[in-house]
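J.: This is the content of coords20.tsv (TSV, C-alpha atoms and all ligand atoms):
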chain	number	residue	atom	x	y	z
A	316	MET	CA	0.00	0.00	0.00
A	317	ARG	CA	2.77	2.38	0.94
A	318	ASN	CA	4.53	1.73	-2.36
A	319	LEU	CA	1.33	2.40	-4.18
A	320	ILE	CA	0.97	5.75	-2.48
A	321	ILE	CA	4.53	6.70	-3.36
A	322	LEU	CA	3.89	5.64	-6.95
A	323	PHE	CA	0.84	7.87	-7.06
A	324	LEU	CA	2.82	10.72	-5.58
A	325	LEU	CA	5.48	10.31	-8.23
A	326	LEU	CA	2.81	10.24	-10.91
A	327	ALA	CA	1.22	13.34	-9.48
A	328	LEU	CA	4.51	15.18	-9.45
A	329	SER	CA	5.28	14.24	-13.02
A	330	LEU	CA	2.10	15.85	-14.34
A	331	PRO	CA	2.75	18.27	-17.20
A	332	GLY	CA	1.73	21.30	-15.14
A	333	ALA	CA	4.18	20.55	-12.34
A	334	ASN	CA	7.00	19.84	-14.76
A	335	ALA	CA	6.42	22.96	-16.73
A	336	ARG	CA	6.65	25.01	-13.57
A	337	ALA	CA	9.72	23.30	-12.20
A	338	GLY	CA	11.73	23.82	-15.35
A	339	GLN	CA	10.50	27.19	-16.54
A	340	ASN	CA	12.13	30.61	-16.66
A	341	VAL	CA	12.99	30.33	-20.31
A	342	ALA	CA	11.36	33.11	-22.32
A	343	SER	CA	11.78	31.49	-25.71
A	344	ASP	CA	10.25	28.10	-26.34
A	345	ALA	CA	7.64	28.90	-23.69
A	346	PRO	CA	5.00	26.18	-23.40
A	347	LYS	CA	1.44	26.87	-24.45
A	348	ARG	CA	-0.37	28.23	-21.41
A	349	VAL	CA	-3.90	27.35	-20.43
A	350	VAL	CA	-6.25	29.06	-18.01
A	351	VAL	CA	-9.68	27.85	-16.91
A	352	LEU	CA	-12.17	30.52	-15.83
A	353	ASP	CA	-14.97	29.25	-13.63
A	354	ALA	CA	-18.01	31.48	-13.20
A	355	GLY	CA	-19.30	30.25	-9.83
A	356	HIS	CA	-22.62	28.42	-9.34
A	357	GLY	CA	-25.18	28.39	-12.21
A	358	GLY	CA	-28.27	26.45	-13.18
A	359	PRO	CA	-30.24	25.43	-10.09
A	360	ARG	CA	-27.74	27.19	-7.77
A	361	PRO	CA	-27.92	30.97	-7.79
A	362	GLY	CA	-25.10	31.46	-5.28
A	363	LYS	CA	-25.55	34.55	-3.11
A	364	VAL	CA	-28.58	36.68	-3.74
A	365	HIS	CA	-28.89	40.20	-2.40
A	366	ARG	CA	-31.49	42.72	-3.58
A	367	GLU	CA	-31.45	42.55	-7.36
A	368	VAL	CA	-28.02	40.93	-7.68
A	369	VAL	CA	-27.89	37.18	-8.32
A	370	GLU	CA	-24.33	35.93	-7.98
A	371	LYS	CA	-24.46	33.32	-10.77
A	372	ASP	CA	-25.51	35.97	-13.33
A	373	TYR	CA	-23.20	38.68	-12.05
A	374	VAL	CA	-20.11	36.47	-12.05
A	375	LEU	CA	-20.91	35.06	-15.50
A	376	ASP	CA	-20.94	38.59	-16.92
A	377	VAL	CA	-17.59	39.36	-15.29
A	378	THR	CA	-16.07	36.05	-16.42
A	379	LYS	CA	-17.07	36.69	-20.03
A	380	ILE	CA	-15.37	40.10	-19.90
A	381	VAL	CA	-12.25	38.49	-18.36
A	382	ARG	CA	-12.13	36.06	-21.29
A	383	LYS	CA	-12.52	38.88	-23.80
A	384	LYS	CA	-9.76	40.91	-22.16
A	385	LEU	CA	-7.41	37.94	-21.99
A	386	ARG	CA	-7.92	37.27	-25.69
A	387	SER	CA	-6.75	40.75	-26.54
A	388	LYS	CA	-4.04	41.05	-23.84
A	389	MET	CA	-2.53	37.62	-24.40
A	390	PRO	CA	-3.64	36.09	-27.73
A	391	ASP	CA	-1.47	32.98	-27.25
A	392	LEU	CA	-3.14	32.03	-24.00
A	393	GLU	CA	-5.74	29.27	-24.25
A	394	VAL	CA	-8.79	30.40	-22.30
A	395	TYR	CA	-11.59	28.05	-21.31
A	396	MET	CA	-14.74	28.73	-19.35
A	397	THR	CA	-16.43	26.02	-17.30
A	398	ARG	CA	-19.76	27.52	-18.32
A	399	SER	CA	-20.81	30.28	-20.70
A	400	CYS	CA	-24.53	30.20	-19.93
A	401	ASP	CA	-26.76	29.63	-16.93
A	402	SER	CA	-25.86	25.98	-16.45
A	403	ALA	CA	-24.34	23.55	-13.93
A	404	TYR	CA	-22.48	20.27	-14.30
A	405	HIS	CA	-24.49	18.23	-11.84
A	406	GLU	CA	-27.50	18.63	-9.60
A	407	ASP	CA	-25.41	17.56	-6.62
A	408	GLN	CA	-23.30	20.51	-5.52
A	409	ALA	CA	-20.23	18.52	-4.46
A	410	LYS	CA	-20.26	16.53	-7.71
A	411	ASP	CA	-20.73	19.73	-9.65
A	412	ASN	CA	-17.57	21.16	-8.09
A	413	ARG	CA	-15.61	17.98	-8.72
A	414	LEU	CA	-16.66	18.05	-12.37
A	415	ARG	CA	-15.47	21.65	-12.68
A	416	ALA	CA	-12.09	20.51	-11.34
A	417	ALA	CA	-12.12	17.58	-13.76
A	418	PHE	CA	-12.77	19.98	-16.63
A	419	CYS	CA	-9.79	22.02	-15.49
A	420	ASN	CA	-7.55	18.93	-15.33
A	421	GLU	CA	-8.75	17.66	-18.66
A	422	LYS	CA	-7.78	20.95	-20.32
A	423	GLY	CA	-4.29	20.66	-18.81
A	424	ALA	CA	-4.75	24.05	-17.15
A	425	ASP	CA	-1.81	25.97	-15.70
A	426	LEU	CA	-4.19	28.05	-13.63
A	427	TYR	CA	-7.76	27.79	-12.35
A	428	VAL	CA	-9.65	30.99	-11.56
A	429	GLY	CA	-13.05	30.74	-9.84
A	430	ILE	CA	-15.01	33.99	-9.87
A	431	HIS	CA	-17.51	34.76	-7.10
A	432	ALA	CA	-19.17	37.50	-5.07
A	433	ASN	CA	-19.73	37.15	-1.34
A	434	ALA	CA	-22.52	37.78	1.16
A	435	LEU	CA	-22.79	37.44	4.91
A	436	LYS	CA	-25.27	38.03	7.72
A	437	ASP	CA	-22.81	40.51	9.18
A	438	LYS	CA	-23.38	43.56	6.99
A	439	ASN	CA	-20.29	45.30	8.35
A	440	LYS	CA	-18.02	42.82	6.67
A	441	GLY	CA	-16.84	44.15	3.33
A	442	GLY	CA	-13.91	44.01	0.92
A	443	CYS	CA	-12.36	41.79	-1.68
A	444	GLU	CA	-10.48	38.60	-0.89
A	445	VAL	CA	-8.94	35.71	-2.79
A	446	TRP	CA	-8.79	32.15	-1.51
A	447	VAL	CA	-6.08	29.58	-2.15
A	448	LEU	CA	-5.89	25.98	-1.05
A	449	THR	CA	-3.75	24.98	1.89
A	450	LEU	CA	-4.05	21.76	3.82
A	451	ASN	CA	-2.20	23.21	6.79
A	452	GLU	CA	-3.93	21.69	9.83
A	453	ASN	CA	-3.78	24.84	11.94
A	454	LEU	CA	-5.35	27.00	9.28
A	455	MET	CA	-8.01	24.40	8.52
A	456	ASN	CA	-8.86	24.22	12.21
A	457	GLN	CA	-9.10	27.98	12.53
A	458	ASN	CA	-11.54	28.15	9.64
A	459	LYS	CA	-13.51	25.22	10.96
A	460	LEU	CA	-14.41	27.35	13.96
A	461	VAL	CA	-16.18	29.74	11.62
A	462	GLY	CA	-18.53	26.84	11.06
A	463	GLU	CA	-20.98	28.63	8.83
A	464	ARG	CA	-18.94	27.75	5.75
A	465	TYR	CA	-19.72	24.08	5.90
A	466	ALA	CA	-23.42	24.78	5.86
A	467	ASP	CA	-22.85	25.51	2.17
A	468	GLU	CA	-22.56	21.82	1.55
A	469	GLY	CA	-20.61	20.79	-1.53
A	470	ASP	CA	-18.66	23.98	-2.09
A	471	PHE	CA	-16.38	23.09	0.82
A	472	ILE	CA	-14.96	19.92	2.28
A	473	ASN	CA	-15.13	19.73	6.05
A	474	PRO	CA	-11.57	18.94	7.25
A	475	GLU	CA	-13.09	16.42	9.66
A	476	ASP	CA	-14.35	14.43	6.68
A	477	ILE	CA	-10.91	14.10	5.10
A	478	ASP	CA	-9.18	10.77	5.62
A	479	ARG	CA	-5.56	11.81	6.19
A	480	ASN	CA	-4.34	8.34	5.18
A	481	SER	CA	-6.21	8.22	1.89
A	482	GLN	CA	-4.48	8.32	-1.46
A	483	GLY	CA	-6.64	11.25	-2.47
A	484	PHE	CA	-5.42	13.31	0.47
A	485	MET	CA	-1.77	12.38	-0.10
A	486	MET	CA	-2.04	13.47	-3.72
A	487	ALA	CA	-3.87	16.68	-2.86
A	488	LEU	CA	-1.24	17.46	-0.22
A	489	SER	CA	1.63	16.88	-2.59
A	490	ARG	CA	0.01	19.04	-5.27
A	491	GLN	CA	-0.71	21.77	-2.78
A	492	LEU	CA	2.91	21.90	-1.61
A	493	GLU	CA	4.01	22.45	-5.19
A	494	ASN	CA	1.21	24.81	-6.17
A	495	GLU	CA	0.58	27.03	-3.17
A	496	PRO	CA	3.33	29.62	-3.82
A	497	TYR	CA	2.03	30.07	-7.38
A	498	SER	CA	-1.57	30.34	-6.24
A	499	ARG	CA	-0.57	32.90	-3.63
A	500	PHE	CA	1.30	34.96	-6.17
A	501	VAL	CA	-1.66	35.34	-8.52
A	502	ALA	CA	-4.03	35.76	-5.54
A	503	GLU	CA	-2.02	38.68	-4.19
A	504	GLU	CA	-1.88	40.31	-7.60
A	505	CYS	CA	-5.62	39.93	-7.93
A	506	CYS	CA	-6.37	41.40	-4.48
A	507	LYS	CA	-4.10	44.36	-5.14
A	508	ASN	CA	-5.70	45.04	-8.53
A	509	MET	CA	-9.28	44.79	-7.21
A	510	ALA	CA	-8.47	47.05	-4.25
A	511	SER	CA	-7.15	49.69	-6.66
A	512	TYR	CA	-10.80	50.34	-7.55
A	513	GLY	CA	-11.66	51.25	-3.97
A	514	LEU	CA	-12.62	47.93	-2.39
A	515	ASP	CA	-10.99	47.14	0.94
A	516	ASN	CA	-8.28	44.56	0.47
A	517	LEU	CA	-8.99	41.66	2.84
A	518	GLY	CA	-6.05	39.82	1.30
A	519	VAL	CA	-5.26	36.22	0.51
A	520	LYS	CA	-7.13	33.63	2.57
A	521	ALA	CA	-6.33	29.97	3.05
A	522	GLY	CA	-7.36	27.02	5.14
A	523	THR	CA	-10.93	26.56	3.96
A	524	VAL	CA	-10.98	23.52	1.73
A	525	TYR	CA	-12.83	24.50	-1.42
A	526	THR	CA	-13.88	21.32	-3.23
A	527	VAL	CA	-12.87	22.62	-6.63
A	528	LEU	CA	-9.40	23.70	-5.44
A	529	TYR	CA	-8.89	20.39	-3.66
A	530	TYR	CA	-9.45	18.41	-6.85
A	531	SER	CA	-7.77	20.75	-9.35
A	532	GLU	CA	-4.25	19.72	-10.24
A	533	CYS	CA	-2.90	23.18	-11.06
A	534	PRO	CA	-2.47	26.34	-8.97
A	535	GLY	CA	-5.86	27.89	-8.40
A	536	ILE	CA	-7.70	30.79	-6.81
A	537	ILE	CA	-11.24	31.64	-5.77
A	538	VAL	CA	-11.84	35.34	-6.29
A	539	GLU	CA	-14.45	36.98	-4.05
A	540	MET	CA	-15.07	40.40	-5.56
A	541	GLY	CA	-16.73	41.87	-2.49
A	542	TYR	CA	-19.67	41.43	-0.12
A	543	LEU	CA	-23.06	42.12	-1.68
A	544	THR	CA	-24.44	42.50	1.86
A	545	ASN	CA	-22.06	45.37	2.60
A	546	ALA	CA	-23.45	48.77	1.58
A	547	LYS	CA	-20.16	50.13	0.27
A	548	ASP	CA	-19.31	46.98	-1.72
A	549	TYR	CA	-22.87	46.73	-3.06
A	550	ALA	CA	-22.83	50.34	-4.22
A	551	TYR	CA	-19.55	49.73	-5.98
A	552	LEU	CA	-20.39	46.36	-7.53
A	553	THR	CA	-23.68	47.66	-8.94
A	554	SER	CA	-22.12	50.87	-10.24
A	555	LYS	CA	-21.60	51.43	-13.93
A	556	GLY	CA	-18.30	50.02	-15.08
A	557	ALA	CA	-17.69	47.86	-12.00
A	558	LYS	CA	-17.95	44.57	-13.91
A	559	ASP	CA	-15.46	45.82	-16.45
A	560	GLU	CA	-13.10	47.04	-13.73
A	561	MET	CA	-13.26	43.74	-11.84
A	562	ALA	CA	-12.58	41.91	-15.11
A	563	GLU	CA	-9.64	44.23	-15.74
A	564	ALA	CA	-8.27	43.49	-12.25
A	565	ILE	CA	-8.61	39.71	-12.65
A	566	SER	CA	-7.33	39.53	-16.23
A	567	SER	CA	-4.31	41.71	-15.41
A	568	ALA	CA	-3.41	39.43	-12.50
A	569	ILE	CA	-3.61	36.42	-14.82
A	570	VAL	CA	-1.40	38.09	-17.41
A	571	THR	CA	1.16	39.11	-14.77
A	572	TYR	CA	1.18	35.54	-13.49
A	573	PHE	CA	1.83	33.95	-16.87
A	574	LYS	CA	4.47	36.51	-17.80
A	575	ALA	CA	6.27	35.86	-14.52
A	576	LEU	CA	5.92	32.11	-15.04
A	577	ASP	CA	7.52	32.32	-18.45
A	578	GLY	CA	10.43	34.35	-17.20
A	579	ASP	CA	9.51	37.88	-18.23
A	580	THR	CA	11.70	39.67	-15.69
A	581	SER	CA	9.88	42.97	-16.12
A	582	THR	CA	6.92	41.41	-14.30
A	583	SER	CA	8.60	38.87	-12.06
A	584	VAL	CA	9.09	41.18	-9.10
A	585	PRO	CA	5.88	43.11	-8.76
A	586	ALA	CA	5.81	46.07	-6.40
A	587	THR	CA	3.73	45.05	-3.41
A	588	THR	CA	3.02	46.36	0.02
A	589	GLU	CA	5.51	43.86	1.31
A	590	SER	CA	8.46	45.73	-0.16
A	591	ASN	CA	9.33	47.35	3.15
A	592	ALA	CA	9.33	44.05	4.94
A	593	GLU	CA	11.41	42.48	2.20
A	594	GLN	CA	13.87	45.31	2.31
A	595	GLU	CA	14.16	44.85	6.02
A	596	VAL	CA	15.03	41.20	5.51
A	597	GLU	CA	17.49	42.16	2.82
A	598	GLU	CA	19.32	44.58	5.09
A	599	ARG	CA	19.52	42.13	7.95
A	600	GLU	CA	20.60	39.41	5.59
A	601	ALA	CA	23.43	41.56	4.23
A	602	VAL	CA	24.75	41.87	7.75
A	603	ASP	CA	24.29	38.20	8.45
A	604	GLU	CA	25.75	36.94	5.18
A	605	SER	CA	29.47	37.52	5.87
A	606	GLU	CA	29.32	35.53	9.05
A	607	ALA	CA	26.81	33.11	7.65
A	608	GLU	CA	29.27	31.54	5.24
A	609	LYS	CA	31.26	30.33	8.16
A	610	LEU	CA	28.24	28.89	9.86
A	611	ALA	CA	28.39	25.13	9.43
A	612	GLU	CA	25.62	24.94	11.94
A	613	GLY	CA	22.96	27.25	13.20
A	614	TYR	CA	19.40	28.28	12.44
A	615	THR	CA	17.53	28.92	9.22
A	616	ILE	CA	13.98	29.65	8.11
A	617	GLN	CA	12.32	26.74	6.35
A	618	LEU	CA	10.10	28.04	3.53
A	619	ILE	CA	8.76	24.84	2.00
A	620	SER	CA	9.55	21.14	1.93
A	621	SER	CA	9.19	19.06	-1.17
A	622	THR	CA	9.15	15.43	-2.28
A	623	LYS	CA	11.51	16.28	-5.12
A	624	GLU	CA	14.43	18.54	-5.72
A	625	VAL	CA	13.58	22.08	-6.82
A	626	ASP	CA	15.99	24.64	-8.23
A	627	VAL	CA	16.87	27.17	-5.51
A	628	ASN	CA	16.44	29.81	-8.23
A	629	ASP	CA	12.95	28.51	-8.96
A	630	TYR	CA	10.34	31.14	-9.64
A	631	GLN	CA	8.57	30.61	-6.32
A	632	PHE	CA	11.66	31.91	-4.48
A	633	HIS	CA	12.13	34.91	-6.76
A	634	GLU	CA	11.92	37.45	-3.97
A	635	TYR	CA	14.75	35.76	-2.10
A	636	LYS	CA	16.87	35.02	-5.11
A	637	GLY	CA	20.36	33.86	-4.20
A	638	ARG	CA	19.45	33.45	-0.53
A	639	VAL	CA	17.53	30.22	-0.62
A	640	TRP	CA	19.40	27.01	0.09
A	641	LEU	CA	18.63	23.34	0.39
A	642	VAL	CA	18.74	21.58	3.75
A	643	MET	CA	18.24	17.84	3.73
A	644	GLY	CA	15.70	16.31	6.03
A	645	THR	CA	14.27	12.84	6.25
A	646	GLY	CA	10.98	11.26	5.21
A	647	LYS	CA	8.86	11.93	2.18
A	648	TYR	CA	9.32	15.69	2.10
A	649	LYS	CA	13.05	15.54	2.62
A	650	TYR	CA	14.02	18.55	0.48
A	651	LYS	CA	13.74	21.56	2.77
A	652	TYR	CA	14.14	24.93	1.09
A	653	CYS	CA	15.37	27.47	3.58
A	654	PHE	CA	16.16	31.14	3.80
A	655	GLY	CA	19.22	32.61	5.53
A	656	ARG	CA	21.68	31.26	8.06
A	657	TYR	CA	21.66	32.54	11.61
A	658	ALA	CA	23.88	31.94	14.60
A	659	THR	CA	20.99	32.10	17.04
A	660	ARG	CA	17.34	31.11	17.02
A	661	SER	CA	16.29	34.62	18.02
A	662	ALA	CA	18.12	36.17	15.05
A	663	ALA	CA	16.20	33.87	12.71
A	664	GLN	CA	12.99	34.58	14.59
A	665	ASN	CA	13.48	38.31	13.91
A	666	ASP	CA	13.15	37.75	10.16
A	667	LEU	CA	10.37	35.20	10.38
A	668	THR	CA	7.47	37.69	10.42
A	669	ALA	CA	8.59	39.29	7.17
A	670	VAL	CA	9.22	35.92	5.52
A	671	ARG	CA	5.77	34.67	6.55
A	672	LYS	CA	4.12	37.36	4.46
A	673	ARG	CA	5.07	35.26	1.46
A	674	PHE	CA	5.57	31.80	2.97
A	675	LYS	CA	2.80	31.58	5.52
A	676	ASP	CA	3.92	28.28	7.01
A	677	ALA	CA	7.60	29.17	7.31
A	678	TYR	CA	9.29	28.40	10.60
A	679	VAL	CA	12.72	28.35	12.18
A	680	VAL	CA	14.72	25.13	12.09
A	681	ARG	CA	18.17	24.08	13.25
A	682	TYR	CA	20.74	22.72	10.77
A	683	LYS	CA	24.18	21.20	10.90
A	684	ASP	CA	26.41	20.47	7.88
A	685	GLY	CA	23.55	21.02	5.43
A	686	ALA	CA	21.12	18.72	7.19
A	687	LEU	CA	18.19	19.32	9.46
A	688	VAL	CA	18.75	18.71	13.16
A	689	THR	CA	15.53	17.42	14.62
A	690	LYS	CA	16.48	17.08	18.25
B	1	ZN	ZN	-20.00	32.01	-4.87
How would this structure read if it were set down as structure tokens?
T.:
Amino acid sequence: MRNLIILFLLLALSLPGANARAGQNVASDAPKRVVVLDAGHGGPRPGKVHREVVEKDYVLDVTKIVRKKLRSKMPDLEVYMTRSCDSAYHEDQAKDNRLRAAFCNEKGADLYVGIHANALKDKNKGGCEVWVLTLNENLMNQNKLVGERYADEGDFINPEDIDRNSQGFMMALSRQLENEPYSRFVAEECCKNMASYGLDNLGVKAGTVYTVLYYSECPGIIVEMGYLTNAKDYAYLTSKGAKDEMAEAISSAIVTYFKALDGDTSTSVPATTESNAEQEVEEREAVDESEAEKLAEGYTIQLISSTKEVDVNDYQFHEYKGRVWLVMGTGKYKYKYCFGRYATRSAAQNDLTAVRKRFKDAYVVRYKDGALVTK
């Protein structure tokens, strides 16, 4: 059984999408890129309804404009929509979501983009947010406490219902480890772009297990354009031009993502609000670096662990270029990609907050002679 799981993991990691990402950064000979746009809900499921806005119709309009914009901004990009009319894949909501993911996988997508609008009993809650998949137990548990989410049966998987020993979970976990940095990149771009039109930026969210993200094999995001139940968001979303602006925000994020993926350096380091924090790390690192070379043992910040070797100059580390190194651990995820070398735990801890803005699950580990020290 164990061998079978490993075989499946190897198969999962050798999928075209994963390979293309691991070996990219070459501008010429760039592979054909594919994006799947998923207008949320449809058919028997209207999604959120508030006053005269019905989510399934609203998001379909926006998605169609996104497609149109992508066709003119990036003619080489293959763009698919899961639906282009008021339809659904299955009467059962969970199956419907799984079929949307299957459509995405079948098209060999490099990116999945689900487009939604939000609503909540609490009318004070407003702003745009973008969700990515993470199977981090702490985050899943935090979101579980919100509870209300799982009432929307089928759109989400309750973490309590996931069998941690199942093949499906192992594969989803391995995909997520590879995909999350990419999903976060496009999610942050999208949030920033949407907020430029006046919506509050609630940022990138993770830890709620969206069914469609769980089963999609490529990086993916769920865009929530705002809360229909919030007066400010509602006024904006129903204003003239809002659909076009939201489509502009989403399509621009997608274009930035693909350009960065294919090694266009003019877009690979977008200006973000994190620049101060990054600079701070950079300054500290410059001080640490001279001594660091001598440090055969000490502390470092683990960014991600992987089942396979990744180039330390891989796109996902672009912000920390030249400062990411490989520390060997044991077990399935034995390749630990780490940032910086520190003589003391507290020195590493000082940089952790800034690093976590990009790598949410980063933490401080001890190393000796290039290997992880676990006790
Ligand atoms: Zn929705």
J.: Just checking: using all atoms listed in the file, which residue out of A:Pro534, A:Gly442, A:Pro496, A:Gly355 ends up closest to Arg398 of chain A?
T.: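 Among A:Pro534, A:Gly442, A:Pro496, A:Gly355, it is A:Gly355 that comes nearest to Arg398 of chain A.
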J.: Which residue is closest to Val688 of chain A? Choose from A:Glu563, A:Glu612, A:Glu504, A:Asp437 and count only C-alpha atoms.
T.: A:Glu612
J.: Could you list, as a PyMOL selection string, all the residues within 8 Å of ligand ZN 1 (chain B), counting all atoms listed in the file?
T.: chain A and resi 355-356+362-363+370-371+430-433+539
J.: What residues have an atom no more than 8 Å from (-22.6, 22.7, -3.7) in the file's own frame, counting all atoms listed in the file, and can you write them as a count of residues only?
T.: 12
J.: Name the closest residue to Tyr497 of chain A among the candidates A:Pro359, A:Tyr427, A:Tyr657, A:Arg681; distances are taken between atoms, counting only C-alpha atoms.
T.: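 Among the listed residues, the smallest separation from Tyr497 of chain A belongs to A:Tyr427.
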J.: Do you know which residues are at most 10 Å from Thr544 of chain A counting all atoms listed in the file, after dropping those on the same chain fewer than 5 positions away, and could you put them as a ChimeraX atom specification?
T.: /A:363-366,433-441,549
J.: Given the choices A:Val381, A:Met455, A:Leu543, A:Val445, which gets closest to Glu367 of chain A if the distance is worked out from all atoms listed in the file?
T.: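 Once distances to Glu367 of chain A are computed over all atoms listed in the file, the minimum belongs to A:Leu543.
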J.: Grab the atom CA of Ala568 of chain A to atom CA of Ile536 of chain A distance for me, in Å with one decimal place.
T.: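 If I compute the distance from atom CA of Ala568 of chain A to atom CA of Ile536 of chain A, I get 11.2 Å.
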J.: Neighbours of segment 351-354 of chain A within 7 Å (all atoms listed in the file; same-chain residues fewer than 6 positions away dropped), as a list in words?
T.: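 After dropping sequence-adjacent residues, the list is Val374, Leu375, Thr378, Val394, Tyr395, Met396, Thr397, Arg398, Cys419, Ala424, Leu426, Tyr427, Val428, Gly429, Ile430 and His431 of chain A.
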J.: Which distance in Å separates atom CA of Ala575 of chain A and atom CA of Leu517 of chain A, to one decimal?
T.: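 Taking atom CA of Ala575 of chain A as the start and atom CA of Leu517 of chain A as the end point, the length is 23.8 Å.
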J.: Enter the distance from atom CA of Ile537 of chain A to atom CA of Val447 of chain A, in Å, rounded to one decimal.
T.: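 A separation of 6.6 Å between them.
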J.: Which of these, A:Val679, A:Met485, A:Ala669, A:Cys533, has the shortest distance to Asp425 of chain A once you count only C-alpha atoms?
T.: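 Selected residue with least distance to Asp425 of chain A: A:Cys533.
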J.: Please list as JSON, numbers by chain every residue within 7 Å of segment 557-559 of chain A, counting all atoms listed in the file and excluding residues in the same chain fewer than 4 positions away.
T.: {"A": [377, 380, 551, 552, 553, 563]}
